[in-house]
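Here the structure is laid out as structure tokens; the discussion comes afterwards.
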Amino acid sequence: MSEGENVKVAVRVRPFNGRERARNAELIVDMKGPATSLQNPENRNEEPRKFNFDYSYWSHDGSKEMPDGYWAKDSSHPNSAKFADQKTVYEDLGRGILNNAWEGYNSTLFAYGQTGSGKSWSMVGYGINKGIVPQYCEDTFKGIDEKKAAGSEIQFEVMFSMLEIYNEKVRDLLNPSSNTAGLKVRQHPKKGFYAEGLSNYAVDSYESVSSKMDEGTTNRTVASTQMNATSSRAHTIVGIKFIQKSKNSAGEETAKSSVVNLVDLAGSERADSTGATGDRLKEGAAINQSLSALGNVIAALAEKSEGKKVRVPYRDSVLTRLLKNALGGNSRTIMIAAISPADINYDESLSTLRYADRAKQIKTVAIVNEDPTEKLIRELQEENEKLKLMLESGQVTIDKNIDEDVDDMTEEEKEQIKKELEEDYKNQLADHGRELAEMKKSYEDKLKGAQAGESLHRLIKDHMERRKVVSHILNLNFDPQLTGKIAHFVDGEQVKVGSGREGACEIKLGGPSIFGQHAVFSIQGDKCCLEKNVSNARLLINGEPCTEKTDIHHNDRLMFGTTQLFLFINPSERDTKKDWAVITFEDAQEEIASNAGFDMKKGNKSKNDMMLQEDLMSMLPAINQANSMSEDLDKKVRFDMVMVKPEARGDLKGRTEVYVKVTNLETNLNWFWTKQKFIDRKFKMEEIFQKYQENENWQIAAVEDPFLEDEKADVPVGCCKVWLKSLAFGIGVKGVEEDYEIEGYRGEDVGILDIEILPCDTKGKVIAEDSDDASILDPQELVGRDMSIFVNLKGTRGIPAKYTKMYAKYKFFDEKEFEMTKPVSTTDPVWNSTRQFAFKPVTKELINYLQTSGIIVQVWAEQKPPEIRKKINTRKAIEKWDLAIAGANSTNTNAKMVDPERQKLLMENTLLKIKTQRLERKMGHFKHLLDEVKKRKKQAISTRIVQGVYSAPSDKSAEDWYEKIGKMKFKVVAKDGSKQQPQPNDDIADDIFDILDVIESESKTCVIQ
């Protein structure tokens, strides 16, 4: 083991989920043996990317559900042989962890992948399809029972802990009220980093482990429901400590111990490239800090395994501190990376595979943790004395056990770590006292302590029995594992629902827009009604606003405020039939979106439309929650969802995307956030709101406030797409002659762009339309020639007066960076920003670009702040706004809308006219040519003359070529095939051109050779 062993890495691909099937997703993953390949859906001709791992598990198809509900191989399916079921995964991965635990080695199992990729399926599973964790626990206790039955004198102890890391805070899921601010992460000289005060419970059976896991999951659900902080951004670590106590040959009691960490990492979605970039708050950095830091640690360890001298940044996040041993210390480590099979998740799957590929290069050095108990106690006591002396002398030192990179640290870094260690050591003195007491306790005493909390387990059992007969509401959660974990009983004549701030409530809820007494259930026999208790309380029944007392029935969906989503269960009604629909969180949200006016039908929709529909469904509740938090905190801000076409975003192609319009209700200033930026900001909003709910100090400086935007931040005014096809025919684009409308985000006309784009020679001289270089009928004639294009972005007119410091930006052809004009503060800015692009020579790619594409000119500006700010109450202002919107929707708008096809059609029409004129002119020239041939009784003419007449841009140019007909001499061939002798001085014989098709009717006796 001194050499270390590599982290074992497995990849698993799941079946298509409902979302992917609805989008008609295509399979892009293949697996053969340990190899995984991923096909780029944008380029099917491209070689698939290939990765090799210890295991590649194909669980996409090739299976069927057995009568007992277990998913096993389907022998009739072609992929049956490579299908990996839950037992296969456990035997390959979990069995090794189990063996390590018996041998006394620490082990860690990571599950990594994007939200919904199947991490929980591999780790936990469901029902009879048990994942690695329950199978490991079952086999641990089965092994203990077998050894006891065989007469073993070894004493076995199993301890269980469960924590969650969310936004860099550690939460004890088995004792969530122990520290609302989060547990501190301390560092021990030998054991490394640990969560101070984390509960460890003695367990003596798989049932007790399962009970503790349910307890922890329920506590996760409560927090998730309170703030809608879904599991996609939280890491969960289940710790199982296994101790085997026995007597050695010297008669000393020896303890062999192992710690198994089962880590379910947060969703690994890649941040949108247009998301938090440039945002002053960088919320995404805080939320994703743990995963980013983990990636950096893995990359550094991979380099280190290659012999490079690099510093491993364990201290950069809470997660990497707690997992230091697992990644680079005393542990045998396994990573299972879960990926989606669908083309729509290509980027995320590729990112996951790259992450896993780096991880397999890491080496860890695990040792057997076995020492005499007395020695452990003695060492602990000695360490206590050492810590006391160190603290009393003020000489805290950093050695290699604390941080192996100590030699590479700056003095400032060393001082910072010393301060942290001093605080850690003070707390460790108290911890050591508790640890000594625990070591001296018998396992039976520990079990009694744990069983003191078993009353909760009995309560849960009674609770589940009561659900069978009493009406109740069950939570619906984004994470299926958290759905149905919370039940509130609707029992009695009246049941009040609310936060409880203004009087007692039978059902107490938290979260945005929950009033003290929000709503009330009324029960008469088997009949149940629900109504609002406050006129402006938010209450939805089956997606529709509740405006009066309403009868509710089994399976009805209830939304209190903006985060509390429940399913009503009426046992007496439920038991009347068996075929009730299974309602999911997605079903309920889709219903809410549909009732809000969004088209949520799935039939006959393109992939892009399905993606937009999904974005709308996911963003609608988030927008509502943000507005509710703004109301409760009186932030003077309103959020609205808007759909923005690619052209309005400045993109030549793409799909319509959801943006968030942010309105300051005091100033009426607007900003537009990408979906990702809004999501990142919302997590910060939730953190502030949580402090508000817990009566902590939640006030924050304006520059750090996630609800607010810098009033001087640039905002998009609109975009204008300028088609370039005419340039391929030598015809310029002139904004003076045509109005190029600037399109706002809603498609409205916000002004006119004045622009010129003209063909010119290499010296910058504009090519006139009647010049020789402009007479083009086929753009391919330009390929190989030299050509320049002159662009003059002159200015705009008609832009609303609310903007100032206006500028424009665009990209031409293959430019990577935007060209920007200087900001101008007038309402109708004049930029006269000129550029010349030289193409030496013209390529087919350029011609294709000119014929099929254009440039998007984006206009940006600052908004003028109002002279007087309104004093408003956020809740009342938003209610008034909603009424105004409802009224506006029932009347016609006078806004002039931009027809996106208008400019293209106008350009095509102009181009067609000019091309027709050119063709008519050329036909006239050829007719004249035929007349000249006939008049001069010529049977053949030179290629040069035909080409000259064809290219002649004017009548005068053509006449110059007609004059040359009589001066030419030719070699001709008779129709019988006999050749005439060449005439003297026939120096153009090789230039003879066969124009028989053109002049055959005029010349019956000769053809051209």
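We name chains A, B, ... following the order of the structure tokens; residues begin at 1 in each chain, and ligands are numbered from 1 as shown.
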Please build the interface table for range 572-664 of chain A against range 476-489 of chain A with a cut-off of 8 Å, listing for each qualifying residue the nearest atom pair and the distance in Å to one decimal; count only C-alpha atoms, order rows by chain and increasing number, and write it as a tab-separated table.
```
residue	atom	partner	partner_atom	distance
A:Thr584	CA	A:Leu476	CA	6.8
A:Phe585	CA	A:Leu476	CA	5.2
A:Glu586	CA	A:Phe478	CA	7.4
```
Find the spatial neighbours of range 660-662 of chain A, counting only C-alpha atoms, within a cut-off of 6 Å - ignore same-chain residues fewer than 4 positions away - and output them as a ChimeraX atom specification.
/A:638-642,670-673
Dump of all heavy atoms for the selected residues, as a PDB file, in the first residue's frame:
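The result, written out as result-v5.pdb:
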```
ATOM      1  N   ARG A 638     -39.621  43.876  -8.763  1.00  0.00           N
ATOM      2  CA  ARG A 638     -40.522  42.868  -9.314  1.00  0.00           C
ATOM      3  C   ARG A 638     -39.784  42.092 -10.404  1.00  0.00           C
ATOM      4  O   ARG A 638     -38.984  42.651 -11.157  1.00  0.00           O
ATOM      5  CB  ARG A 638     -41.758  43.520  -9.920  1.00  0.00           C
ATOM      6  CG  ARG A 638     -42.695  42.512 -10.590  1.00  0.00           C
ATOM      7  CD  ARG A 638     -43.817  43.187 -11.341  1.00  0.00           C
ATOM      8  NE  ARG A 638     -44.534  42.215 -12.163  1.00  0.00           N
ATOM      9  CZ  ARG A 638     -45.605  41.560 -11.771  1.00  0.00           C
ATOM     10  NH1 ARG A 638     -46.106  41.777 -10.571  1.00  0.00           N
ATOM     11  NH2 ARG A 638     -46.200  40.704 -12.578  1.00  0.00           N
ATOM     12  N   PHE A 639     -40.072  40.782 -10.470  1.00  0.00           N
ATOM     13  CA  PHE A 639     -39.459  39.916 -11.478  1.00  0.00           C
ATOM     14  C   PHE A 639     -40.532  39.382 -12.420  1.00  0.00           C
ATOM     15  O   PHE A 639     -41.606  38.971 -11.967  1.00  0.00           O
ATOM     16  CB  PHE A 639     -38.738  38.742 -10.801  1.00  0.00           C
ATOM     17  CG  PHE A 639     -37.679  39.171  -9.823  1.00  0.00           C
ATOM     18  CD1 PHE A 639     -37.971  39.299  -8.468  1.00  0.00           C
ATOM     19  CD2 PHE A 639     -36.400  39.463 -10.245  1.00  0.00           C
ATOM     20  CE1 PHE A 639     -37.013  39.699  -7.562  1.00  0.00           C
ATOM     21  CE2 PHE A 639     -35.422  39.864  -9.347  1.00  0.00           C
ATOM     22  CZ  PHE A 639     -35.728  39.991  -8.006  1.00  0.00           C
ATOM     23  N   ASP A 640     -40.256  39.407 -13.705  1.00  0.00           N
ATOM     24  CA  ASP A 640     -41.172  38.867 -14.706  1.00  0.00           C
ATOM     25  C   ASP A 640     -40.403  38.015 -15.690  1.00  0.00           C
ATOM     26  O   ASP A 640     -39.239  38.302 -16.014  1.00  0.00           O
ATOM     27  CB  ASP A 640     -41.883  39.995 -15.462  1.00  0.00           C
ATOM     28  CG  ASP A 640     -42.897  40.728 -14.602  1.00  0.00           C
ATOM     29  OD1 ASP A 640     -43.977  40.168 -14.370  1.00  0.00           O
ATOM     30  OD2 ASP A 640     -42.588  41.852 -14.161  1.00  0.00           O
ATOM     31  N   MET A 641     -41.072  36.985 -16.171  1.00  0.00           N
ATOM     32  CA  MET A 641     -40.465  36.084 -17.129  1.00  0.00           C
ATOM     33  C   MET A 641     -40.752  36.595 -18.539  1.00  0.00           C
ATOM     34  O   MET A 641     -41.891  36.932 -18.859  1.00  0.00           O
ATOM     35  CB  MET A 641     -41.041  34.684 -16.933  1.00  0.00           C
ATOM     36  CG  MET A 641     -40.312  33.587 -17.649  1.00  0.00           C
ATOM     37  SD  MET A 641     -40.701  31.966 -16.931  1.00  0.00           S
ATOM     38  CE  MET A 641     -42.487  31.989 -16.861  1.00  0.00           C
ATOM     39  N   VAL A 642     -39.734  36.672 -19.386  1.00  0.00           N
ATOM     40  CA  VAL A 642     -39.928  37.088 -20.774  1.00  0.00           C
ATOM     41  C   VAL A 642     -39.231  36.085 -21.681  1.00  0.00           C
ATOM     42  O   VAL A 642     -38.244  35.460 -21.295  1.00  0.00           O
ATOM     43  CB  VAL A 642     -39.372  38.515 -21.040  1.00  0.00           C
ATOM     44  CG1 VAL A 642     -40.159  39.544 -20.270  1.00  0.00           C
ATOM     45  CG2 VAL A 642     -37.892  38.615 -20.708  1.00  0.00           C
ATOM     46  N   ASN A 670     -35.499  49.069 -15.799  1.00  0.00           N
ATOM     47  CA  ASN A 670     -35.567  47.635 -16.092  1.00  0.00           C
ATOM     48  C   ASN A 670     -34.188  47.073 -16.417  1.00  0.00           C
ATOM     49  O   ASN A 670     -33.360  47.768 -17.021  1.00  0.00           O
ATOM     50  CB  ASN A 670     -36.472  47.367 -17.306  1.00  0.00           C
ATOM     51  CG  ASN A 670     -37.872  47.846 -17.079  1.00  0.00           C
ATOM     52  OD1 ASN A 670     -38.457  47.593 -16.040  1.00  0.00           O
ATOM     53  ND2 ASN A 670     -38.434  48.555 -18.058  1.00  0.00           N
ATOM     54  N   TRP A 671     -33.980  45.814 -16.039  1.00  0.00           N
ATOM     55  CA  TRP A 671     -32.781  45.080 -16.429  1.00  0.00           C
ATOM     56  C   TRP A 671     -33.205  43.687 -16.864  1.00  0.00           C
ATOM     57  O   TRP A 671     -34.299  43.232 -16.523  1.00  0.00           O
ATOM     58  CB  TRP A 671     -31.796  44.964 -15.264  1.00  0.00           C
ATOM     59  CG  TRP A 671     -31.306  46.285 -14.784  1.00  0.00           C
ATOM     60  CD1 TRP A 671     -30.212  46.973 -15.209  1.00  0.00           C
ATOM     61  CD2 TRP A 671     -31.918  47.105 -13.771  1.00  0.00           C
ATOM     62  NE1 TRP A 671     -30.101  48.167 -14.541  1.00  0.00           N
ATOM     63  CE2 TRP A 671     -31.144  48.280 -13.646  1.00  0.00           C
ATOM     64  CE3 TRP A 671     -33.051  46.990 -12.976  1.00  0.00           C
ATOM     65  CZ2 TRP A 671     -31.442  49.304 -12.767  1.00  0.00           C
ATOM     66  CZ3 TRP A 671     -33.360  48.002 -12.088  1.00  0.00           C
ATOM     67  CH2 TRP A 671     -32.564  49.145 -11.987  1.00  0.00           C
ATOM     68  N   PHE A 672     -32.342  43.039 -17.610  1.00  0.00           N
ATOM     69  CA  PHE A 672     -32.662  41.702 -18.099  1.00  0.00           C
ATOM     70  C   PHE A 672     -31.570  40.733 -17.668  1.00  0.00           C
ATOM     71  O   PHE A 672     -30.388  40.936 -17.965  1.00  0.00           O
ATOM     72  CB  PHE A 672     -32.808  41.709 -19.627  1.00  0.00           C
ATOM     73  CG  PHE A 672     -33.978  42.522 -20.089  1.00  0.00           C
ATOM     74  CD1 PHE A 672     -33.847  43.882 -20.338  1.00  0.00           C
ATOM     75  CD2 PHE A 672     -35.226  41.937 -20.237  1.00  0.00           C
ATOM     76  CE1 PHE A 672     -34.925  44.647 -20.727  1.00  0.00           C
ATOM     77  CE2 PHE A 672     -36.320  42.691 -20.636  1.00  0.00           C
ATOM     78  CZ  PHE A 672     -36.168  44.051 -20.875  1.00  0.00           C
ATOM     79  N   TRP A 673     -31.985  39.698 -16.948  1.00  0.00           N
ATOM     80  CA  TRP A 673     -31.052  38.688 -16.465  1.00  0.00           C
ATOM     81  C   TRP A 673     -31.257  37.394 -17.240  1.00  0.00           C
ATOM     82  O   TRP A 673     -32.392  37.012 -17.560  1.00  0.00           O
ATOM     83  CB  TRP A 673     -31.287  38.391 -14.977  1.00  0.00           C
ATOM     84  CG  TRP A 673     -30.934  39.516 -14.054  1.00  0.00           C
ATOM     85  CD1 TRP A 673     -30.281  40.675 -14.368  1.00  0.00           C
ATOM     86  CD2 TRP A 673     -31.211  39.579 -12.649  1.00  0.00           C
ATOM     87  NE1 TRP A 673     -30.138  41.453 -13.254  1.00  0.00           N
ATOM     88  CE2 TRP A 673     -30.700  40.807 -12.178  1.00  0.00           C
ATOM     89  CE3 TRP A 673     -31.831  38.724 -11.743  1.00  0.00           C
ATOM     90  CZ2 TRP A 673     -30.804  41.190 -10.844  1.00  0.00           C
ATOM     91  CZ3 TRP A 673     -31.933  39.098 -10.421  1.00  0.00           C
ATOM     92  CH2 TRP A 673     -31.418  40.325  -9.968  1.00  0.00           C
TER      93      TRP A 673
END
```
Just want the 8 Å neighbourhood of Pro716 in chain A, counted on only C-alpha atoms, with same-chain residues fewer than 4 positions away dropped. Output as a PyMOL selection string.
chain A and resi 672+858-861
Can you tell me which residues surround Thr826 in chain A at a distance of at most 9 Å, considering only C-alpha atoms, apart from same-chain residues fewer than 2 positions away, and format the answer as number ranges by chain?
A: 801, 803-806, 824, 828-830
Expected answer as a PDB file with C-alpha atoms, in the first residue's frame: alpha helix (DSSP H) residues in range 693-939 of chain A:
```pdb
ATOM      1  CA  GLN A 693     -37.489  34.034   8.978  1.00  0.00           C
ATOM      2  CA  LYS A 844     -16.386  29.701 -50.464  1.00  0.00           C
ATOM      3  CA  GLU A 845     -17.023  30.093 -46.720  1.00  0.00           C
ATOM      4  CA  LEU A 846     -17.302  33.869 -47.090  1.00  0.00           C
ATOM      5  CA  ILE A 847     -19.682  33.563 -50.050  1.00  0.00           C
ATOM      6  CA  ASN A 848     -21.837  31.099 -48.097  1.00  0.00           C
ATOM      7  CA  TYR A 849     -21.855  33.500 -45.123  1.00  0.00           C
ATOM      8  CA  LEU A 850     -22.895  36.453 -47.305  1.00  0.00           C
ATOM      9  CA  GLN A 851     -25.625  34.493 -49.068  1.00  0.00           C
ATOM     10  CA  THR A 852     -27.205  32.895 -46.009  1.00  0.00           C
ATOM     11  CA  THR A 874     -43.637  46.330  -2.555  1.00  0.00           C
ATOM     12  CA  ARG A 875     -46.616  44.062  -1.874  1.00  0.00           C
ATOM     13  CA  LYS A 876     -49.167  46.723  -2.817  1.00  0.00           C
ATOM     14  CA  ALA A 877     -47.171  47.822  -5.853  1.00  0.00           C
ATOM     15  CA  ILE A 878     -46.945  44.249  -7.188  1.00  0.00           C
ATOM     16  CA  GLU A 879     -50.675  43.687  -6.627  1.00  0.00           C
ATOM     17  CA  LYS A 880     -51.394  46.922  -8.507  1.00  0.00           C
ATOM     18  CA  TRP A 881     -48.985  45.852 -11.260  1.00  0.00           C
ATOM     19  CA  ASP A 882     -50.753  42.498 -11.633  1.00  0.00           C
ATOM     20  CA  LEU A 883     -54.100  44.255 -12.051  1.00  0.00           C
ATOM     21  CA  ALA A 884     -52.592  46.614 -14.630  1.00  0.00           C
ATOM     22  CA  ILE A 885     -51.165  43.681 -16.602  1.00  0.00           C
ATOM     23  CA  ALA A 886     -54.520  41.898 -16.521  1.00  0.00           C
ATOM     24  CA  GLY A 887     -56.164  45.063 -17.902  1.00  0.00           C
ATOM     25  CA  ALA A 888     -53.484  45.501 -20.566  1.00  0.00           C
ATOM     26  CA  ASN A 889     -53.945  41.911 -21.721  1.00  0.00           C
ATOM     27  CA  ARG A 902     -39.599  42.183 -43.750  1.00  0.00           C
ATOM     28  CA  GLN A 903     -35.992  43.260 -44.241  1.00  0.00           C
ATOM     29  CA  LYS A 904     -35.074  39.920 -45.755  1.00  0.00           C
ATOM     30  CA  LEU A 905     -37.973  40.075 -48.212  1.00  0.00           C
ATOM     31  CA  LEU A 906     -37.191  43.695 -49.129  1.00  0.00           C
ATOM     32  CA  MET A 907     -33.560  42.789 -49.740  1.00  0.00           C
ATOM     33  CA  GLU A 908     -34.551  39.724 -51.792  1.00  0.00           C
ATOM     34  CA  ASN A 909     -36.987  41.872 -53.836  1.00  0.00           C
ATOM     35  CA  THR A 910     -34.366  44.554 -54.512  1.00  0.00           C
ATOM     36  CA  LEU A 911     -31.820  41.898 -55.402  1.00  0.00           C
ATOM     37  CA  LEU A 912     -34.263  40.203 -57.760  1.00  0.00           C
ATOM     38  CA  LYS A 913     -34.948  43.488 -59.574  1.00  0.00           C
ATOM     39  CA  ILE A 914     -31.242  44.190 -60.030  1.00  0.00           C
ATOM     40  CA  LYS A 915     -30.503  40.624 -61.123  1.00  0.00           C
ATOM     41  CA  THR A 916     -33.384  40.829 -63.628  1.00  0.00           C
ATOM     42  CA  GLN A 917     -32.010  44.108 -64.994  1.00  0.00           C
ATOM     43  CA  ARG A 918     -28.567  42.545 -65.337  1.00  0.00           C
ATOM     44  CA  LEU A 919     -29.961  39.485 -67.103  1.00  0.00           C
ATOM     45  CA  GLU A 920     -32.001  41.629 -69.496  1.00  0.00           C
ATOM     46  CA  ARG A 921     -28.911  43.722 -70.221  1.00  0.00           C
ATOM     47  CA  LYS A 922     -26.845  40.598 -70.901  1.00  0.00           C
ATOM     48  CA  MET A 923     -29.584  39.153 -73.143  1.00  0.00           C
ATOM     49  CA  GLY A 924     -29.544  42.430 -75.087  1.00  0.00           C
ATOM     50  CA  HIS A 925     -25.778  42.245 -75.420  1.00  0.00           C
ATOM     51  CA  PHE A 926     -25.931  38.646 -76.716  1.00  0.00           C
ATOM     52  CA  LYS A 927     -28.705  39.519 -79.176  1.00  0.00           C
ATOM     53  CA  HIS A 928     -26.532  42.348 -80.447  1.00  0.00           C
ATOM     54  CA  LEU A 929     -23.620  39.910 -80.598  1.00  0.00           C
ATOM     55  CA  LEU A 930     -25.647  37.525 -82.794  1.00  0.00           C
ATOM     56  CA  ASP A 931     -26.640  40.398 -85.032  1.00  0.00           C
ATOM     57  CA  GLU A 932     -22.982  41.388 -85.437  1.00  0.00           C
ATOM     58  CA  VAL A 933     -21.971  37.781 -86.204  1.00  0.00           C
ATOM     59  CA  LYS A 934     -24.711  37.550 -88.826  1.00  0.00           C
ATOM     60  CA  LYS A 935     -23.900  40.945 -90.309  1.00  0.00           C
TER      61      LYS A 935
END
```
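Comparing A:Asn475, A:Asn695, A:Thr254, A:Gln625 by their smallest distance to Phe678 in chain A, the closest is A:Gln625 (using only C-alpha atoms).
Nearest residue to Phe110 in chain A, choosing from A:Lys64, A:Glu168, A:Asn261, A:Ile583 and counting only C-alpha atoms: A:Asn261.
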Using only C-alpha atoms, which residues sit within 10 Å of Phe818 in chain A once same-chain residues fewer than 4 positions away are excluded, as a ChimeraX atom specification?
/A:808-812,857-858
Selection near Tyr55 in chain A, 8 Å with only C-alpha atoms, sequence-local residues under 3 positions removed, as JSON, numbers by chain
{"A": [9, 10, 11, 33, 34, 35]}
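Distances from A:Ala326, A:Ile132, A:Leu301, A:Ala838 to Phe193 in chain A were compared using only C-alpha atoms, and the smallest one belongs to A:Ala326.
Going from CA of Gly131 in chain A over to CA of Gly94 in chain A, you cover 9.2 Å.
The two atoms in question, CA of Ser349 in chain A and CA of Tyr57 in chain A, are spaced 14.5 Å apart.
Those residues that approach Pro841 in chain A to within 12 Å, counting only C-alpha atoms, are A:Thr762, A:Glu781, A:Leu782, A:Val783, A:Gly784, A:Arg785, A:Asp786, A:Met787, A:Ser788, A:Ile847; same-chain residues fewer than 6 positions away are not listed.
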Filtering to N, CA, C and O atoms, could you give me those residues as a short mmCIF file (atom, residue, chain, number, x, y, z; two decimals), in the first residue's frame?
```cif
data_model
loop_
_atom_site.label_atom_id
_atom_site.label_comp_id
_atom_site.auth_asym_id
_atom_site.auth_seq_id
_atom_site.Cartn_x
_atom_site.Cartn_y
_atom_site.Cartn_z
N THR A 762 -9.48 46.96 -52.96
CA THR A 762 -8.52 46.79 -51.86
C THR A 762 -8.02 48.12 -51.30
O THR A 762 -7.47 48.17 -50.20
N GLU A 781 -18.48 33.37 -58.80
CA GLU A 781 -17.48 34.05 -59.63
C GLU A 781 -16.48 34.82 -58.78
O GLU A 781 -15.36 35.09 -59.22
N LEU A 782 -16.89 35.19 -57.55
CA LEU A 782 -16.02 35.97 -56.68
C LEU A 782 -14.93 35.12 -56.01
O LEU A 782 -13.93 35.65 -55.53
N VAL A 783 -15.16 33.81 -55.93
CA VAL A 783 -14.20 32.93 -55.25
C VAL A 783 -12.85 33.00 -55.94
O VAL A 783 -12.74 32.84 -57.15
N GLY A 784 -11.82 33.27 -55.15
CA GLY A 784 -10.47 33.38 -55.70
C GLY A 784 -10.04 34.80 -55.99
O GLY A 784 -8.85 35.08 -56.14
N ARG A 785 -11.01 35.71 -56.12
CA ARG A 785 -10.67 37.11 -56.36
C ARG A 785 -10.37 37.81 -55.03
O ARG A 785 -10.71 37.32 -53.96
N ASP A 786 -9.77 39.00 -55.13
CA ASP A 786 -9.61 39.86 -53.96
C ASP A 786 -10.82 40.77 -53.84
O ASP A 786 -11.36 41.24 -54.85
N MET A 787 -11.25 40.99 -52.60
CA MET A 787 -12.45 41.82 -52.39
C MET A 787 -12.37 42.44 -51.01
O MET A 787 -11.84 41.85 -50.07
N SER A 788 -12.91 43.63 -50.87
CA SER A 788 -13.00 44.27 -49.56
C SER A 788 -14.44 44.69 -49.31
O SER A 788 -15.21 44.90 -50.25
N ILE A 847 -18.52 33.46 -49.16
CA ILE A 847 -19.68 33.56 -50.05
C ILE A 847 -20.91 32.93 -49.41
O ILE A 847 -22.02 33.47 -49.45
#
```
Write out as a PDB file with N, CA, C and O atoms, in the first residue's frame all residues of range 307-365 of chain A that backbone DSSP assigns to strand (DSSP E).
```
ATOM      1  N   ARG A 332      -9.586   4.029   0.836  1.00  0.00           N
ATOM      2  CA  ARG A 332      -9.753   3.414  -0.479  1.00  0.00           C
ATOM      3  C   ARG A 332     -11.025   4.034  -1.081  1.00  0.00           C
ATOM      4  O   ARG A 332     -12.086   3.988  -0.463  1.00  0.00           O
ATOM      5  N   THR A 333     -10.878   4.597  -2.247  1.00  0.00           N
ATOM      6  CA  THR A 333     -11.933   5.468  -2.763  1.00  0.00           C
ATOM      7  C   THR A 333     -12.465   4.993  -4.106  1.00  0.00           C
ATOM      8  O   THR A 333     -11.712   4.548  -4.975  1.00  0.00           O
ATOM      9  N   ILE A 334     -13.781   5.125  -4.246  1.00  0.00           N
ATOM     10  CA  ILE A 334     -14.482   4.761  -5.481  1.00  0.00           C
ATOM     11  C   ILE A 334     -15.350   5.941  -5.906  1.00  0.00           C
ATOM     12  O   ILE A 334     -15.968   6.607  -5.071  1.00  0.00           O
ATOM     13  N   MET A 335     -15.386   6.221  -7.210  1.00  0.00           N
ATOM     14  CA  MET A 335     -16.310   7.227  -7.732  1.00  0.00           C
ATOM     15  C   MET A 335     -17.232   6.564  -8.750  1.00  0.00           C
ATOM     16  O   MET A 335     -16.761   5.839  -9.630  1.00  0.00           O
ATOM     17  N   ILE A 336     -18.525   6.798  -8.611  1.00  0.00           N
ATOM     18  CA  ILE A 336     -19.466   6.356  -9.634  1.00  0.00           C
ATOM     19  C   ILE A 336     -20.056   7.604 -10.276  1.00  0.00           C
ATOM     20  O   ILE A 336     -20.650   8.449  -9.596  1.00  0.00           O
ATOM     21  N   ALA A 337     -19.818   7.758 -11.561  1.00  0.00           N
ATOM     22  CA  ALA A 337     -20.287   8.921 -12.315  1.00  0.00           C
ATOM     23  C   ALA A 337     -21.525   8.526 -13.098  1.00  0.00           C
ATOM     24  O   ALA A 337     -21.506   7.563 -13.872  1.00  0.00           O
ATOM     25  N   ALA A 338     -22.614   9.242 -12.872  1.00  0.00           N
ATOM     26  CA  ALA A 338     -23.883   8.938 -13.541  1.00  0.00           C
ATOM     27  C   ALA A 338     -24.096   9.917 -14.689  1.00  0.00           C
ATOM     28  O   ALA A 338     -23.911  11.123 -14.531  1.00  0.00           O
ATOM     29  N   ILE A 339     -24.450   9.389 -15.862  1.00  0.00           N
ATOM     30  CA  ILE A 339     -24.668  10.249 -17.018  1.00  0.00           C
ATOM     31  C   ILE A 339     -26.019   9.960 -17.672  1.00  0.00           C
ATOM     32  O   ILE A 339     -26.561   8.863 -17.561  1.00  0.00           O
ATOM     33  N   LYS A 363      -4.158   8.804  -6.596  1.00  0.00           N
ATOM     34  CA  LYS A 363      -3.735   7.662  -5.773  1.00  0.00           C
ATOM     35  C   LYS A 363      -3.979   7.989  -4.292  1.00  0.00           C
ATOM     36  O   LYS A 363      -3.762   9.116  -3.860  1.00  0.00           O
ATOM     37  N   THR A 364      -4.451   7.011  -3.556  1.00  0.00           N
ATOM     38  CA  THR A 364      -4.599   7.151  -2.102  1.00  0.00           C
ATOM     39  C   THR A 364      -3.802   6.049  -1.418  1.00  0.00           C
ATOM     40  O   THR A 364      -3.516   5.004  -2.014  1.00  0.00           O
TER      41      THR A 364
END
```
Kindly assemble as JSON lines a list of the range 493-555 of chain A residues that lie within 12 Å of range 216-222 of chain A, each paired with its nearest atom pair and their distance in Å to one decimal, using only C-alpha atoms, sorted first by chain and then by ascending residue number.
```
{"residue": "A:Lys508", "atom": "CA", "partner": "A:Val222", "partner_atom": "CA", "distance": 11.5}
{"residue": "A:Leu509", "atom": "CA", "partner": "A:Val222", "partner_atom": "CA", "distance": 9.7}
{"residue": "A:Gly510", "atom": "CA", "partner": "A:Val222", "partner_atom": "CA", "distance": 9.5}
{"residue": "A:Gly511", "atom": "CA", "partner": "A:Val222", "partner_atom": "CA", "distance": 10.7}
```
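Taking only C-alpha atoms into account, Gly730 in chain A lies nearest to A:Leu777 out of the set A:Ala702, A:Leu777, A:Met685, A:Leu322.
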